[in-house]
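Asker: One structure coming up, written as structure tokens, with questions to follow.
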Amino acid sequence: MARILVVEDDHDLNNAYGIILKHEGHEVVSAYDGKEALTKLKDFTPNLVLLDLLMPIMGGLEFLRQWCKQGSAKQAKILIFTNIENSPEVSEAYKLGAERCIVKSWTAPHNLSRVVKDSLATESKTPTTSN
Amino acid sequence: MTKTTASSIYSKDLHAGVESLFSSIGEGVITTDEFGKITRVNPAAESILGYSERDLVGEWLPKKIVALSLNGDKMKFIDLPITRIFLTGKAVSEKMYYVRKNGDRIPVAINASPIMQAGKPIGAVEVFRDITFEQEVDLMKSEFISLASHQLRTPLSAIKTYAHMMAEGYMGELNDDQKQSLKTIIGASNRMNELISTLLNVTRIESGSIAIMPKTVHIDSVVREVLPELLLMAEVKHIIVDLKTRESPQNKIKTDPLIVKEVITNLVSNAIKYTQNGGEVKIIVKPRKRDILIEVHDSGWGIPSHAQDQIFSKFFRGQNIIKRETTGIGLGLYLVKGLIDILGGKIWFTSKERIGTSFFFTLPKGKRFQSLPHFKKIEESEKYNSN
């Protein structure tokens, strides 16, 4: 099973995604903004990051930029989970290496599990180091 | 010596009156002869364009004042309002940019009309105004709705996610009443979500910020992809949905599949919504030489004949429908019309009360989609049906 970092500022949703993904047997670490996510990444090397875009303190795009600079972003799949569909922010996220963009308000738990499973099944970006 | 007559004084007064009228009009006015050569320019036009009347009079309008379409491309001669009015003999309204003398572009709303004499155009008159402020307000409105929609969706996502989690058994087994209640919560959240999407899309169309992602697709596959969600909706009302199409190379077309899906979802869900229990909805895909025709027929309540010319208007809902179906805000067909215009297609319908309604729309083959530099770049987001 995979190691997943959930970056979502809404506590209710972050908690829900954690329950769903743990239920599937994944190891899940939560962060509530981009800055916290960067800190968590010092001790956790995920296979996949579930990333919201609009967050306080540090948004998803800035998180991706900073993570890319560190060079370790390539090791994980990045799934954007947002409610701002069809926006320039989403285009930017793709440029920064996001694999898919999913609209949160349309996504049921079984779909979340499926998207994560599909994403992990495609050519894997196995972490080169593990902590 | 010229003799002053009452009629010449009258004529002079009239001329002076017309002159002051022309100079005082608050909107820019340019007149041309029958060849498009500029004959008159009023002060408002001088101020909008930054040219003096002397710079312009005697010049050929299509060459002297550069016109850009709203996507920023230089307009072709054939598309210019002045060309179109001489070709058709009819007035033309258009929003576009004029390039000022100093090279700045200025957004204008133009009404151009031919000046007719004995059935022939002897010149043209263009009346235009600066719409910079309107564009700014539109942009602000669009940004506000975009932000508000996002804020509305966040709590909605939590409501839906937890309702789904309960329904899917994450919190233990449920009895039938509990399952039914959750189904109602999910259904209502889906409706709210659709409403937010519609509002967002309408705002994007109106502000010109909807972008197109053309792809070569088989239309029958596009229709099949949206069908499962619609079938669930039909099932509740015991309505049979019949799709008549076949896989054929002729169904291949370059268009934006996401926009087509939005159009089909709207038309078919309307058909289901406005058809009584046990009715029938038929979708037919017909490839033709120059386009693909898609038909959506229903055996529903129909649109009263007195209301038929209003159905593509914003917020319109038929009186016969409001009594039966309380949900809906009258934006669906307004949105559909806007989306089909963007794809270069046409939409029309026939309807008879208590017999049913048939909608027809076309998607043109060989449509050249322009890249629109000032439009927001759209990326394909994925919507997962959560029914």
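Every chain in the structure tokens takes a letter, A first, then B, and so on in the order presented; its residues are numbered from 1, and the ligands are numbered from 1 following the presented order.
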Excluding Ile239 (chain B) and residues on its chain fewer than 2 positions from it, collect all residues at most 8 Å away from it, counting only C-alpha atoms, and give them as a ChimeraX atom specification.
Answerer: /B:234-237,241,272,277-281
Asker: Grab the residues selected above and save them as an mmCIF file, in the first residue's frame with N, CA and C atoms.
Answerer:
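Output file out-v8.cif is given in full below:
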```
data_model
loop_
_atom_site.group_PDB
_atom_site.id
_atom_site.type_symbol
_atom_site.label_atom_id
_atom_site.label_comp_id
_atom_site.auth_asym_id
_atom_site.auth_seq_id
_atom_site.Cartn_x
_atom_site.Cartn_y
_atom_site.Cartn_z
ATOM 1 N N ALA B 234 -33.518 9.300 -14.903
ATOM 2 C CA ALA B 234 -34.711 8.838 -15.621
ATOM 3 C C ALA B 234 -35.392 7.686 -14.885
ATOM 4 N N GLU B 235 -34.556 6.847 -14.288
ATOM 5 C CA GLU B 235 -35.048 5.663 -13.593
ATOM 6 C C GLU B 235 -36.059 6.021 -12.497
ATOM 7 N N VAL B 236 -35.742 7.109 -11.778
ATOM 8 C CA VAL B 236 -36.610 7.551 -10.677
ATOM 9 C C VAL B 236 -38.028 7.832 -11.194
ATOM 10 N N LYS B 237 -38.119 8.367 -12.429
ATOM 11 C CA LYS B 237 -39.445 8.705 -12.981
ATOM 12 C C LYS B 237 -39.947 7.631 -13.973
ATOM 13 N N VAL B 241 -35.018 6.055 -21.630
ATOM 14 C CA VAL B 241 -34.133 6.894 -22.444
ATOM 15 C C VAL B 241 -33.532 6.015 -23.532
ATOM 16 N N ILE B 272 -35.961 14.950 -19.240
ATOM 17 C CA ILE B 272 -36.431 14.023 -18.194
ATOM 18 C C ILE B 272 -37.284 14.793 -17.171
ATOM 19 N N ASN B 277 -44.043 10.958 -15.431
ATOM 20 C CA ASN B 277 -43.585 9.597 -15.126
ATOM 21 C C ASN B 277 -44.009 8.629 -16.221
ATOM 22 N N GLY B 278 -43.117 7.721 -16.546
ATOM 23 C CA GLY B 278 -43.447 6.705 -17.546
ATOM 24 C C GLY B 278 -43.293 7.194 -18.978
ATOM 25 N N GLY B 279 -42.802 8.395 -19.162
ATOM 26 C CA GLY B 279 -42.655 8.939 -20.524
ATOM 27 C C GLY B 279 -41.430 8.401 -21.239
ATOM 28 N N GLU B 280 -41.076 9.102 -22.310
ATOM 29 C CA GLU B 280 -39.991 8.595 -23.145
ATOM 30 C C GLU B 280 -39.090 9.737 -23.610
ATOM 31 N N VAL B 281 -37.804 9.485 -23.595
ATOM 32 C CA VAL B 281 -36.838 10.466 -24.103
ATOM 33 C C VAL B 281 -35.962 9.751 -25.131
#
```
Asker: May I have the residues within 10 Å of region 162-165 of chain B as a VMD selection string, using only C-alpha atoms and disregarding those fewer than 4 positions away in the same chain?
Answerer: (chain A and resid 12 to 13 16 to 17 19 to 20 107 to 110) or (chain B and resid 157 to 158 169 to 172 179 181 to 186 189 386 to 387)
Asker: DSSP on the backbone, then: every residue of region 9-178 of chain B marked strand (DSSP E), written as a PyMOL selection string.
Answerer: chain B and resi 28-33+38-41+67-68+92-99+105-117+120-130
Asker: Can you measure CA of Ala76 (chain A) to CA of Leu41 (chain A) for me? One decimal in Å is fine.
Answerer: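 Computed distance, CA of Ala76 (chain A) to CA of Leu41 (chain A), equals 11.2 Å.
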Asker: Which neighbours of Asp55 (chain B) fall inside 10 Å, counting only C-alpha atoms, when residues of the same chain fewer than 2 positions from it are skipped, and could you give them as a PyMOL selection string?
Answerer: chain B and resi 41+46+50-53+57-59+64+101
Asker: Selection from above, N, CA and C atoms, as an mmCIF file, in the first residue's frame, can you write it?
Answerer:
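Contents of the output file again_22.cif:
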```cif
data_model
loop_
_atom_site.group_PDB
_atom_site.id
_atom_site.type_symbol
_atom_site.label_atom_id
_atom_site.label_comp_id
_atom_site.auth_asym_id
_atom_site.auth_seq_id
_atom_site.Cartn_x
_atom_site.Cartn_y
_atom_site.Cartn_z
ATOM 1 N N VAL B 41 -16.782 62.874 -39.004
ATOM 2 C CA VAL B 41 -16.378 62.284 -37.717
ATOM 3 C C VAL B 41 -16.802 63.274 -36.628
ATOM 4 N N GLU B 46 -13.581 61.449 -32.262
ATOM 5 C CA GLU B 46 -12.186 61.950 -32.219
ATOM 6 C C GLU B 46 -11.562 61.619 -30.866
ATOM 7 N N GLY B 50 -8.628 59.148 -30.746
ATOM 8 C CA GLY B 50 -7.387 59.926 -30.684
ATOM 9 C C GLY B 50 -6.985 60.516 -32.028
ATOM 10 N N TYR B 51 -7.823 60.351 -33.048
ATOM 11 C CA TYR B 51 -7.571 60.970 -34.354
ATOM 12 C C TYR B 51 -8.391 62.251 -34.440
ATOM 13 N N SER B 52 -7.910 63.239 -35.234
ATOM 14 C CA SER B 52 -8.751 64.412 -35.477
ATOM 15 C C SER B 52 -9.586 64.123 -36.721
ATOM 16 N N GLU B 53 -10.610 64.941 -36.922
ATOM 17 C CA GLU B 53 -11.457 64.756 -38.096
ATOM 18 C C GLU B 53 -10.611 64.869 -39.366
ATOM 19 N N VAL B 57 -11.035 62.168 -42.404
ATOM 20 C CA VAL B 57 -11.921 62.421 -43.550
ATOM 21 C C VAL B 57 -11.170 62.174 -44.865
ATOM 22 N N GLY B 58 -11.822 61.431 -45.736
ATOM 23 C CA GLY B 58 -11.225 61.113 -47.034
ATOM 24 C C GLY B 58 -10.493 59.780 -47.014
ATOM 25 N N GLU B 59 -10.237 59.248 -45.788
ATOM 26 C CA GLU B 59 -9.533 57.960 -45.698
ATOM 27 C C GLU B 59 -10.538 56.809 -45.785
ATOM 28 N N LYS B 64 -7.895 52.714 -42.421
ATOM 29 C CA LYS B 64 -7.383 53.755 -41.522
ATOM 30 C C LYS B 64 -7.506 53.358 -40.049
ATOM 31 N N LYS B 101 -4.960 56.181 -32.322
ATOM 32 C CA LYS B 101 -3.835 56.738 -33.088
ATOM 33 C C LYS B 101 -2.498 56.414 -32.403
#
```
Asker: With only C-alpha atoms as the atoms that count, which of B:Ser197, B:Asn270, B:Thr161, B:Ser20 lies nearest to chain A?
Answerer: B:Thr161
Asker: Which residues come within 12 Å of Glu62 (chain A), counting only C-alpha atoms, excluding same-chain residues fewer than 3 positions away, as number ranges by chain?
Answerer: A: 33-35, 37-38, 51-59, 65-69, 89, 92-93, 96
Asker: Check every residue of chain A for an atom within 8 Å of chain B, counting only C-alpha atoms, and provide those that qualify as a list in words.
Answerer: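 Close enough to count are Asp10, Asp12, Leu13, Ala16, Ile20, Asn83, Ile84, Glu85, Asn86, Ser87, Pro88, Val90, Ser91, Arg100, Cys101, Ile102, Val103, Lys104, Ser105, Trp106, Thr107, Ala108, Pro109 and Asn111 of chain A.
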Asker: Between CA of Leu61 (chain B) and CA of Gly26 (chain B), measure the distance and give it in Å to one decimal.
Answerer: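 Straight-line distance from CA of Leu61 (chain B) to CA of Gly26 (chain B) works out to 20.6 Å.
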Asker: Take CA of Ser113 (chain B) and CA of Phe133 (chain B) and report the distance between them in Å, one decimal.
Answerer: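 Taking CA of Ser113 (chain B) as the start and CA of Phe133 (chain B) as the end point, the length is 24.9 Å.
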Asker: Given the choices B:Asp242, B:Asp176, B:Glu206, B:Asp298, which gets closest to Asp138 (chain B) if the distance is worked out from only C-alpha atoms?
Answerer: B:Glu206
Asker: From a backbone DSSP assignment, name each residue in region 47-206 of chain B labelled alpha helix (DSSP H), as a PyMOL selection string.
Answerer: chain B and resi 47-49+53-56+61-64+81-88+132-167+176-206
Asker: With distances taken over only C-alpha atoms, which residue among A:Thr45, A:Thr39, A:Gln75, A:Thr82 lies nearest Gly60 (chain A)?
Answerer: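 Comparing A:Thr45, A:Thr39, A:Gln75, A:Thr82 against Gly60 (chain A), the winner is A:Thr82.
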Asker: Please determine, counting only C-alpha atoms, which residue among A:Lys77, A:His23, A:Lys95, A:His11 has the shortest atom-to-atom distance to Ala121 (chain A).
Answerer: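 With only C-alpha atoms as the atom set, the closest residue is A:Lys77.
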Asker: So that I can check the surroundings of Ile110 (chain B), please list as a list in words every protein, DNA and RNA residue that reaches within 6 Å of it, counting only C-alpha atoms and ignoring chain neighbours fewer than 5 positions away.
Answerer: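 Residues meeting the cut-off are Ser93, Glu94, Val127 and Phe128 of chain B.
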Asker: Filtering to C-alpha atoms, could you give me those residues as a short mmCIF file (atom, residue, chain, number, x, y, z; two decimals), in the first residue's frame?
Answerer:
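Saved file selection.cif follows:
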```
data_model
loop_
_atom_site.label_atom_id
_atom_site.label_comp_id
_atom_site.auth_asym_id
_atom_site.auth_seq_id
_atom_site.Cartn_x
_atom_site.Cartn_y
_atom_site.Cartn_z
CA SER B 93 -23.95 45.34 -33.76
CA GLU B 94 -20.56 44.20 -32.59
CA VAL B 127 -22.06 54.75 -33.84
CA PHE B 128 -19.76 53.45 -31.12
#
```
Asker: I'd like the neighbourhood of Ile4 (chain A) as an mmCIF file with N, CA and C atoms, in the first residue's frame, where a residue qualifies if any of its atoms comes within 12 Å (using only C-alpha atoms), though same-chain residues fewer than 3 positions away should be ignored.
Answerer:
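Result file around07.cif:
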```cif
data_model
loop_
_atom_site.group_PDB
_atom_site.id
_atom_site.type_symbol
_atom_site.label_atom_id
_atom_site.label_comp_id
_atom_site.auth_asym_id
_atom_site.auth_seq_id
_atom_site.Cartn_x
_atom_site.Cartn_y
_atom_site.Cartn_z
ATOM 1 N N MET A 1 0.829 -1.205 0.000
ATOM 2 C CA MET A 1 0.000 0.000 0.000
ATOM 3 C C MET A 1 0.868 1.262 0.000
ATOM 4 N N VAL A 7 -2.865 17.264 1.639
ATOM 5 C CA VAL A 7 -2.685 18.683 1.967
ATOM 6 C C VAL A 7 -4.001 19.396 1.678
ATOM 7 N N TYR A 17 -10.730 12.482 3.968
ATOM 8 C CA TYR A 17 -9.821 11.819 3.030
ATOM 9 C C TYR A 17 -8.911 10.840 3.768
ATOM 10 N N GLY A 18 -8.500 11.255 4.993
ATOM 11 C CA GLY A 18 -7.666 10.378 5.805
ATOM 12 C C GLY A 18 -8.387 9.067 6.104
ATOM 13 N N ILE A 20 -10.889 7.661 4.498
ATOM 14 C CA ILE A 20 -11.102 6.858 3.282
ATOM 15 C C ILE A 20 -9.809 6.151 2.857
ATOM 16 N N LEU A 21 -8.710 6.908 2.853
ATOM 17 C CA LEU A 21 -7.461 6.335 2.356
ATOM 18 C C LEU A 21 -6.871 5.303 3.325
ATOM 19 N N LYS A 22 -7.040 5.567 4.617
ATOM 20 C CA LYS A 22 -6.552 4.580 5.607
ATOM 21 C C LYS A 22 -7.382 3.300 5.495
ATOM 22 N N GLU A 24 -8.454 2.060 2.918
ATOM 23 C CA GLU A 24 -7.905 1.298 1.781
ATOM 24 C C GLU A 24 -6.538 0.700 2.125
ATOM 25 N N GLY A 25 -6.063 1.002 3.311
ATOM 26 C CA GLY A 25 -4.789 0.419 3.746
ATOM 27 C C GLY A 25 -3.586 1.303 3.511
ATOM 28 N N HIS A 26 -3.798 2.563 3.100
ATOM 29 C CA HIS A 26 -2.640 3.438 2.844
ATOM 30 C C HIS A 26 -2.151 4.073 4.141
ATOM 31 N N GLU A 27 -0.897 4.454 4.105
ATOM 32 C CA GLU A 27 -0.348 5.212 5.228
ATOM 33 C C GLU A 27 -0.573 6.692 4.903
ATOM 34 N N VAL A 28 -1.225 7.403 5.791
ATOM 35 C CA VAL A 28 -1.620 8.778 5.471
ATOM 36 C C VAL A 28 -1.043 9.766 6.477
ATOM 37 N N VAL A 29 -0.490 10.860 5.938
ATOM 38 C CA VAL A 29 -0.041 11.968 6.779
ATOM 39 C C VAL A 29 -0.795 13.209 6.315
ATOM 40 N N SER A 30 -1.273 14.018 7.269
ATOM 41 C CA SER A 30 -2.066 15.200 6.910
ATOM 42 C C SER A 30 -1.289 16.478 7.145
ATOM 43 N N ALA A 31 -1.534 17.448 6.245
ATOM 44 C CA ALA A 31 -1.022 18.808 6.453
ATOM 45 C C ALA A 31 -2.153 19.750 6.078
ATOM 46 N N ALA A 37 3.033 21.219 4.920
ATOM 47 C CA ALA A 37 3.322 20.061 4.069
ATOM 48 C C ALA A 37 4.825 19.934 3.829
ATOM 49 N N LYS A 40 6.372 18.489 6.845
ATOM 50 C CA LYS A 40 6.080 17.053 6.994
ATOM 51 C C LYS A 40 6.940 16.216 6.039
ATOM 52 N N LEU A 41 7.260 16.827 4.880
ATOM 53 C CA LEU A 41 8.035 16.084 3.873
ATOM 54 C C LEU A 41 9.475 15.803 4.312
ATOM 55 N N PHE A 44 8.761 12.416 5.848
ATOM 56 C CA PHE A 44 7.822 11.500 5.194
ATOM 57 C C PHE A 44 8.003 11.598 3.687
ATOM 58 N N THR A 45 8.251 10.484 3.041
ATOM 59 C CA THR A 45 8.439 10.499 1.582
ATOM 60 C C THR A 45 7.245 9.797 0.938
ATOM 61 N N PRO A 46 6.325 10.570 0.406
ATOM 62 C CA PRO A 46 5.099 9.952 -0.113
ATOM 63 C C PRO A 46 5.246 9.405 -1.531
ATOM 64 N N ASN A 47 4.366 8.452 -1.858
ATOM 65 C CA ASN A 47 4.244 8.014 -3.260
ATOM 66 C C ASN A 47 3.278 8.945 -3.985
ATOM 67 N N LEU A 48 2.387 9.534 -3.191
ATOM 68 C CA LEU A 48 1.332 10.357 -3.797
ATOM 69 C C LEU A 48 0.967 11.509 -2.860
ATOM 70 N N VAL A 49 0.725 12.680 -3.499
ATOM 71 C CA VAL A 49 0.281 13.835 -2.702
ATOM 72 C C VAL A 49 -1.094 14.263 -3.215
ATOM 73 N N LEU A 50 -2.023 14.356 -2.287
ATOM 74 C CA LEU A 50 -3.367 14.844 -2.615
ATOM 75 C C LEU A 50 -3.371 16.309 -2.212
ATOM 76 N N LEU A 51 -3.448 17.205 -3.200
ATOM 77 C CA LEU A 51 -3.145 18.608 -2.908
ATOM 78 C C LEU A 51 -4.299 19.551 -3.250
ATOM 79 N N ALA A 76 7.027 11.763 -6.397
ATOM 80 C CA ALA A 76 5.646 11.423 -6.027
ATOM 81 C C ALA A 76 4.648 11.848 -7.094
ATOM 82 N N LYS A 77 3.544 11.116 -7.136
ATOM 83 C CA LYS A 77 2.429 11.520 -8.007
ATOM 84 C C LYS A 77 1.719 12.679 -7.313
ATOM 85 N N ILE A 78 1.271 13.628 -8.103
ATOM 86 C CA ILE A 78 0.561 14.756 -7.487
ATOM 87 C C ILE A 78 -0.862 14.814 -8.057
ATOM 88 N N LEU A 79 -1.832 14.679 -7.181
ATOM 89 C CA LEU A 79 -3.236 14.799 -7.596
ATOM 90 C C LEU A 79 -3.796 16.093 -7.029
ATOM 91 N N SER A 113 -10.968 6.753 -3.962
ATOM 92 C CA SER A 113 -10.156 5.533 -3.871
ATOM 93 C C SER A 113 -9.723 5.085 -5.256
ATOM 94 N N VAL A 116 -7.011 7.373 -6.806
ATOM 95 C CA VAL A 116 -5.720 7.125 -6.151
ATOM 96 C C VAL A 116 -5.145 5.801 -6.648
ATOM 97 N N LYS A 117 -5.998 4.791 -6.722
ATOM 98 C CA LYS A 117 -5.554 3.462 -7.167
ATOM 99 C C LYS A 117 -5.033 3.533 -8.612
ATOM 100 N N SER A 119 -3.967 6.101 -10.227
ATOM 101 C CA SER A 119 -2.766 6.905 -10.298
ATOM 102 C C SER A 119 -1.547 6.107 -9.837
ATOM 103 N N LEU A 120 -1.724 5.357 -8.760
ATOM 104 C CA LEU A 120 -0.605 4.563 -8.248
ATOM 105 C C LEU A 120 -0.253 3.408 -9.181
ATOM 106 N N PRO A 127 9.649 6.343 -4.440
ATOM 107 C CA PRO A 127 10.566 7.215 -3.711
ATOM 108 C C PRO A 127 11.971 6.608 -3.694
#
```
